[in-house]
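Take a look at the structure set out below.
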Amino acid sequence: MACLKSRTDYAQNPEKTEQGELVSSYECSLLTVDEEFMLSKRQYELATGRRQRSDVIAYQIRQSFKPGEITAEEANKVGYELAMRFTKGKYAFIVATHTDREHIHNHIIYNSTALDSTRKFRDFLLSGLAVQRLSDLICLEHRLSVIEKKPYRERQKRTLYPPKESNRDHLCSVLDNILAEKPKGYEDFLQKLEQQGYEVKRGKYTSVKGKRQKRFIRFRTLGTGYSEEELKAVIAGEAEHRPHQKQPPKEKPFNLLVDVQAKLAEGKNIGYARWAKKYNLKEMSKTLIFLQEKKIGSIEEMQERVDAATARYHELGDSIKAAETRMTEIAVLRTHIVNYTKTRPVYDAYRKAGYSKRFLENHRAEITLHKAAKTAFDEAKLKKLPKVKELDAEYSKLLTEKKAAYPDYRKAKDEMQHRFGNQHRNLFRIAHTDTLGHQLADDQRQISNDNDNCSFRNSQCIRFQERNMAHMLRQVVSESLTRI
């Protein structure tokens, strides 16, 4: 009961529904909707003698619309039509339209018990998909946009996210705006803060809490310039206020070579340092061998190779994306042409019938598909419809070109990311670290000294190999640094 009441209260929130004007209902009162739903449950138990242990009280549907495409009143009507057609008028429901977000959306709550209290709603398999399709159909009838479905392989993974403003940063910006208005005193300053929707707790340390915050925030914890004494001095005109500057997030450096000293400072043990030094020697050896094989003598030449590999990768990627975009357009256009051809006789009969409502109800699906196809043709500005065979031939050609370009695309991606990219980062670190060659040689000598406890024969072999590697690294690194 409490859960249902909290849901209905949230849906009918006056601040979200323009003081309740955007709330409609069917076969129930908005004031007592939760009590009526529970009463129908008891009537069902009395009428059937059935009582379920895990009973569902009500179901909820959320329906969102594209920003700026529909008014709140029209959205409420669309939500009411969706609830009526989905429940077929056999279950009581309420529809609340919220306007507190950028996108207008509906909250539809319908009773799980029928109006006659003799049966309950059966939540069948994939009922959510059925609601989605019915909602899309109604939106198309009202000339509203729907979300286009894309195959999984064509969906783009989201990598950029909008920056989130913390509660403290938002509070600092609010305080800055209030100080810019030059309040008369500290108490007037706090009153203006309360008018902004903050709850102020006065005491030894002034603290405030926003609408959606769980804890109070003290002024003195906001940083320099926001303590009680500093704010009072600014209000009195004794000091100048410097607004809070939000620091951009620091970029994390990407280095293939392990920074041993930094890892030791983080608490890594000697064993990790030993492994990291060997790892750095191996990676630097690979980098120098790569430079010799590719005959790269300077960091500028390496940068040119990296830029060429990157340009090749993006060129192939753009061509594949263009082919995929055109293939998607062809598939959609072909579907519309087929639907338009099949439903044209029905639409002609609908027009001859004088756009009869009865005829519309009997052939709603065919007429909706015909209108959607006609709208797509108008948006594409097609004066003459292309032939399906021509579209199929173009689609097959693009698919063949796409499959042929994929091996080169993967090869270019591997060269950009692994072969040239990784070696370029290591070479850049060599060129900008004066003591790196000496550090590698010192690390190699330390590794050799650590192996003195091994058997005489093994230690001789290890020291011989390490001396050769250290000598080679010192020579090649010095030559590379001299050339660069």
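Lettering and numbering for the structure tokens are positional, with chains as A, B, ... in the shown order, residues counted from 1 in each chain, and ligands counted from 1 in the shown order.
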**OP:** Name the residues in contact with A:Ile320 at a cut-off of 8 Å, using only C-alpha atoms, excluding same-chain residues fewer than 3 positions from it; report them as a ChimeraX atom specification.
**Re:** /A:316-317,323-324,402,405-406
Excluding A:Tyr186 and any residue of its chain fewer than 4 positions from it, enumerate the residues within 10 Å of it, using only C-alpha atoms, and give them as a short mmCIF file (atom, residue, chain, number, x, y, z; two decimals) with C-alpha atoms, in the first residue's frame.
data_model
loop_
_atom_site.label_atom_id
_atom_site.label_comp_id
_atom_site.auth_asym_id
_atom_site.auth_seq_id
_atom_site.Cartn_x
_atom_site.Cartn_y
_atom_site.Cartn_z
CA LEU A 190 21.30 33.65 3.71
CA GLN A 191 17.68 34.60 2.93
CA LYS A 192 18.49 34.88 -0.78
CA GLU A 228 31.79 32.63 6.99
CA LEU A 231 31.89 35.92 2.95
CA LYS A 232 31.08 38.53 5.63
CA ALA A 233 34.16 40.53 4.63
CA VAL A 234 33.09 40.48 0.97
CA ILE A 235 29.53 41.55 1.85
CA ALA A 236 30.87 44.40 4.00
#
Subject >> Test item: residues at most 12 Å from A:Thr17, only C-alpha atoms, excluding those fewer than 3 positions along its chain, as a count of residues only >> reply: 26
Original post:
Which residues come within 9 Å of A:Arg119, counting only C-alpha atoms, excluding same-chain residues fewer than 4 positions away, as JSON, numbers by chain?
Top reply: {"A": [44, 48, 112, 113, 114, 115]}
**OP:** Write out as a PyMOL selection string the residues lying within 8 Å of A:Ala373, counting only C-alpha atoms and excluding same-chain residues fewer than 3 positions away.
**Re:** chain A and resi 336-337+339-340+369-370+376-377
**OP:** Mind checking which residues fall within 7 Å of stretch 174-183 of chain A, counting only C-alpha atoms, ignoring those fewer than 3 positions away in the same chain, and posting them as number ranges by chain?
**Re:** A: 170-171, 188-189, 235, 243
Subject >> Backbone-only DSSP, alpha helix (DSSP H) members of stretch 152-190 of chain A, as a PyMOL selection string >> reply: chain A and resi 167-180+186-190
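Interatomic distance, atom CA of A:Lys352 against atom CA of A:Cys139: 25.2 Å.
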Can you list, as a PDB file with N, CA and C atoms, in the first residue's frame, all residues belonging to stretch 40-207 of chain A that DSSP tags as strand (DSSP E or B)?
ATOM      1  N   ALA A  58       0.136  -3.057  -9.106  1.00  0.00           N
ATOM      2  CA  ALA A  58      -0.113  -2.236 -10.299  1.00  0.00           C
ATOM      3  C   ALA A  58       1.086  -2.332 -11.219  1.00  0.00           C
ATOM      4  N   TYR A  59       0.919  -1.875 -12.448  1.00  0.00           N
ATOM      5  CA  TYR A  59       1.983  -1.840 -13.449  1.00  0.00           C
ATOM      6  C   TYR A  59       2.211  -0.396 -13.866  1.00  0.00           C
ATOM      7  N   GLN A  60       3.434  -0.108 -14.289  1.00  0.00           N
ATOM      8  CA  GLN A  60       3.782   1.256 -14.676  1.00  0.00           C
ATOM      9  C   GLN A  60       4.456   1.259 -16.042  1.00  0.00           C
ATOM     10  N   ILE A  61       4.116   2.259 -16.855  1.00  0.00           N
ATOM     11  CA  ILE A  61       4.701   2.462 -18.179  1.00  0.00           C
ATOM     12  C   ILE A  61       5.249   3.888 -18.236  1.00  0.00           C
ATOM     13  N   ARG A  62       6.460   4.033 -18.757  1.00  0.00           N
ATOM     14  CA  ARG A  62       7.044   5.365 -18.976  1.00  0.00           C
ATOM     15  C   ARG A  62       7.182   5.590 -20.474  1.00  0.00           C
ATOM     16  N   GLN A  63       6.698   6.721 -20.914  1.00  0.00           N
ATOM     17  CA  GLN A  63       6.693   7.055 -22.339  1.00  0.00           C
ATOM     18  C   GLN A  63       7.314   8.430 -22.516  1.00  0.00           C
ATOM     19  N   SER A  64       8.406   8.520 -23.277  1.00  0.00           N
ATOM     20  CA  SER A  64       9.130   9.772 -23.467  1.00  0.00           C
ATOM     21  C   SER A  64       8.985  10.248 -24.907  1.00  0.00           C
ATOM     22  N   PHE A  93      -6.689   3.268 -14.794  1.00  0.00           N
ATOM     23  CA  PHE A  93      -5.315   3.783 -14.894  1.00  0.00           C
ATOM     24  C   PHE A  93      -5.320   5.296 -14.724  1.00  0.00           C
ATOM     25  N   ILE A  94      -4.124   5.821 -14.473  1.00  0.00           N
ATOM     26  CA  ILE A  94      -3.894   7.267 -14.456  1.00  0.00           C
ATOM     27  C   ILE A  94      -2.729   7.565 -15.377  1.00  0.00           C
ATOM     28  N   VAL A  95      -2.733   8.760 -15.965  1.00  0.00           N
ATOM     29  CA  VAL A  95      -1.668   9.214 -16.857  1.00  0.00           C
ATOM     30  C   VAL A  95      -1.211  10.573 -16.358  1.00  0.00           C
ATOM     31  N   ALA A  96       0.075  10.670 -15.976  1.00  0.00           N
ATOM     32  CA  ALA A  96       0.654  11.921 -15.486  1.00  0.00           C
ATOM     33  C   ALA A  96       1.778  12.336 -16.415  1.00  0.00           C
ATOM     34  N   THR A  97       1.700  13.557 -16.928  1.00  0.00           N
ATOM     35  CA  THR A  97       2.713  14.086 -17.845  1.00  0.00           C
ATOM     36  C   THR A  97       3.643  15.002 -17.081  1.00  0.00           C
ATOM     37  N   HIS A  98       4.933  14.707 -17.106  1.00  0.00           N
ATOM     38  CA  HIS A  98       5.936  15.488 -16.389  1.00  0.00           C
ATOM     39  C   HIS A  98       6.664  16.412 -17.358  1.00  0.00           C
ATOM     40  N   HIS A 105       7.608  13.580 -20.702  1.00  0.00           N
ATOM     41  CA  HIS A 105       7.397  12.142 -20.579  1.00  0.00           C
ATOM     42  C   HIS A 105       6.160  11.866 -19.740  1.00  0.00           C
ATOM     43  N   ASN A 106       5.588  10.689 -19.970  1.00  0.00           N
ATOM     44  CA  ASN A 106       4.375  10.251 -19.274  1.00  0.00           C
ATOM     45  C   ASN A 106       4.699   9.138 -18.283  1.00  0.00           C
ATOM     46  N   HIS A 107       3.975   9.155 -17.165  1.00  0.00           N
ATOM     47  CA  HIS A 107       3.977   8.048 -16.215  1.00  0.00           C
ATOM     48  C   HIS A 107       2.564   7.463 -16.210  1.00  0.00           C
ATOM     49  N   ILE A 108       2.450   6.238 -16.694  1.00  0.00           N
ATOM     50  CA  ILE A 108       1.155   5.558 -16.774  1.00  0.00           C
ATOM     51  C   ILE A 108       1.148   4.436 -15.732  1.00  0.00           C
ATOM     52  N   ILE A 109       0.199   4.491 -14.810  1.00  0.00           N
ATOM     53  CA  ILE A 109       0.054   3.465 -13.780  1.00  0.00           C
ATOM     54  C   ILE A 109      -1.338   2.855 -13.925  1.00  0.00           C
ATOM     55  N   TYR A 110      -1.400   1.551 -14.203  1.00  0.00           N
ATOM     56  CA  TYR A 110      -2.710   0.905 -14.362  1.00  0.00           C
ATOM     57  C   TYR A 110      -2.844  -0.253 -13.379  1.00  0.00           C
ATOM     58  N   ASN A 111      -4.073  -0.497 -12.972  1.00  0.00           N
ATOM     59  CA  ASN A 111      -4.375  -1.505 -11.962  1.00  0.00           C
ATOM     60  C   ASN A 111      -4.145  -2.906 -12.525  1.00  0.00           C
ATOM     61  N   THR A 113      -5.812  -5.461 -11.407  1.00  0.00           N
ATOM     62  CA  THR A 113      -7.107  -6.136 -11.309  1.00  0.00           C
ATOM     63  C   THR A 113      -8.108  -5.464 -12.244  1.00  0.00           C
ATOM     64  N   LYS A 120      -7.226 -10.868 -13.402  1.00  0.00           N
ATOM     65  CA  LYS A 120      -6.095  -9.968 -13.273  1.00  0.00           C
ATOM     66  C   LYS A 120      -5.333  -9.884 -14.598  1.00  0.00           C
ATOM     67  N   GLU A 199      18.228  24.734   2.051  1.00  0.00           N
ATOM     68  CA  GLU A 199      17.898  24.730   3.464  1.00  0.00           C
ATOM     69  C   GLU A 199      19.134  25.156   4.250  1.00  0.00           C
ATOM     70  N   VAL A 200      19.007  26.216   5.037  1.00  0.00           N
ATOM     71  CA  VAL A 200      20.142  26.802   5.757  1.00  0.00           C
ATOM     72  C   VAL A 200      20.057  26.399   7.218  1.00  0.00           C
ATOM     73  N   LYS A 201      21.173  25.888   7.734  1.00  0.00           N
ATOM     74  CA  LYS A 201      21.261  25.533   9.157  1.00  0.00           C
ATOM     75  C   LYS A 201      22.274  26.459   9.812  1.00  0.00           C
ATOM     76  N   SER A 207      25.820  25.848   7.462  1.00  0.00           N
ATOM     77  CA  SER A 207      25.793  24.773   6.469  1.00  0.00           C
ATOM     78  C   SER A 207      24.468  24.811   5.725  1.00  0.00           C
TER      79      SER A 207
END
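Considering only C-alpha atoms, the residue among A:Val208, A:Met284, A:Ala83, A:Val338 positioned nearest to A:Lys389 is A:Val338.
Between A:Thr328 and the residues A:Lys149, A:Arg351, A:Arg344, A:Lys268, the shortest atom-to-atom distance, using only C-alpha atoms, involves A:Lys149.
The space between atom CA of A:Ser25 and atom CA of A:Arg7 spans 14.9 Å.
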Return as CSV the residues of stretch 317-346 of chain A lying at most 9 Å from stretch 392-398 of chain A, together with the closest atom-to-atom pair for each and the distance in Å to one decimal, counting only C-alpha atoms, with rows in chain order and ascending residue number.
residue,atom,partner,partner_atom,distance
A:Ala323,CA,A:Leu398,CA,6.0
A:Glu324,CA,A:Leu398,CA,8.0
A:Arg326,CA,A:Leu398,CA,8.2
A:Met327,CA,A:Tyr395,CA,5.9
A:Ile330,CA,A:Tyr395,CA,6.9
A:Ala331,CA,A:Tyr395,CA,8.2
A:Arg334,CA,A:Asp392,CA,8.5
Restricted to N, CA and C atoms, what would the selected residues look like written as a JSON list (two decimals), in the first residue's frame?
[["chain", "number", "residue", "atom", "x", "y", "z"],
["A", 323, "ALA", "N", 29.79, 3.50, -46.59],
["A", 323, "ALA", "CA", 29.10, 2.36, -47.21],
["A", 323, "ALA", "C", 27.99, 1.83, -46.30],
["A", 324, "GLU", "N", 28.26, 1.73, -44.99],
["A", 324, "GLU", "CA", 27.25, 1.25, -44.06],
["A", 324, "GLU", "C", 26.06, 2.21, -43.98],
["A", 326, "ARG", "N", 24.99, 4.24, -46.38],
["A", 326, "ARG", "CA", 24.21, 4.11, -47.61],
["A", 326, "ARG", "C", 23.44, 2.80, -47.63],
["A", 327, "MET", "N", 24.03, 1.71, -47.10],
["A", 327, "MET", "CA", 23.32, 0.43, -47.04],
["A", 327, "MET", "C", 22.10, 0.52, -46.14],
["A", 330, "ILE", "N", 19.45, 2.39, -48.03],
["A", 330, "ILE", "CA", 18.84, 1.53, -49.06],
["A", 330, "ILE", "C", 17.85, 0.55, -48.42],
["A", 331, "ALA", "N", 18.23, -0.04, -47.29],
["A", 331, "ALA", "CA", 17.34, -1.00, -46.64],
["A", 331, "ALA", "C", 16.04, -0.34, -46.19],
["A", 334, "ARG", "N", 13.98, 0.60, -49.32],
["A", 334, "ARG", "CA", 13.40, -0.60, -49.92],
["A", 334, "ARG", "C", 12.17, -1.07, -49.14]]
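Considering only C-alpha atoms, the residue among A:Phe219, A:Arg50, A:Ala2, A:Glu187 positioned nearest to A:Glu35 is A:Ala2.
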Subject >> From A:Glu141, A:Glu266, A:Leu82, A:Leu129, residue lying nearest A:Leu360 [only C-alpha atoms] >> reply: A:Glu141
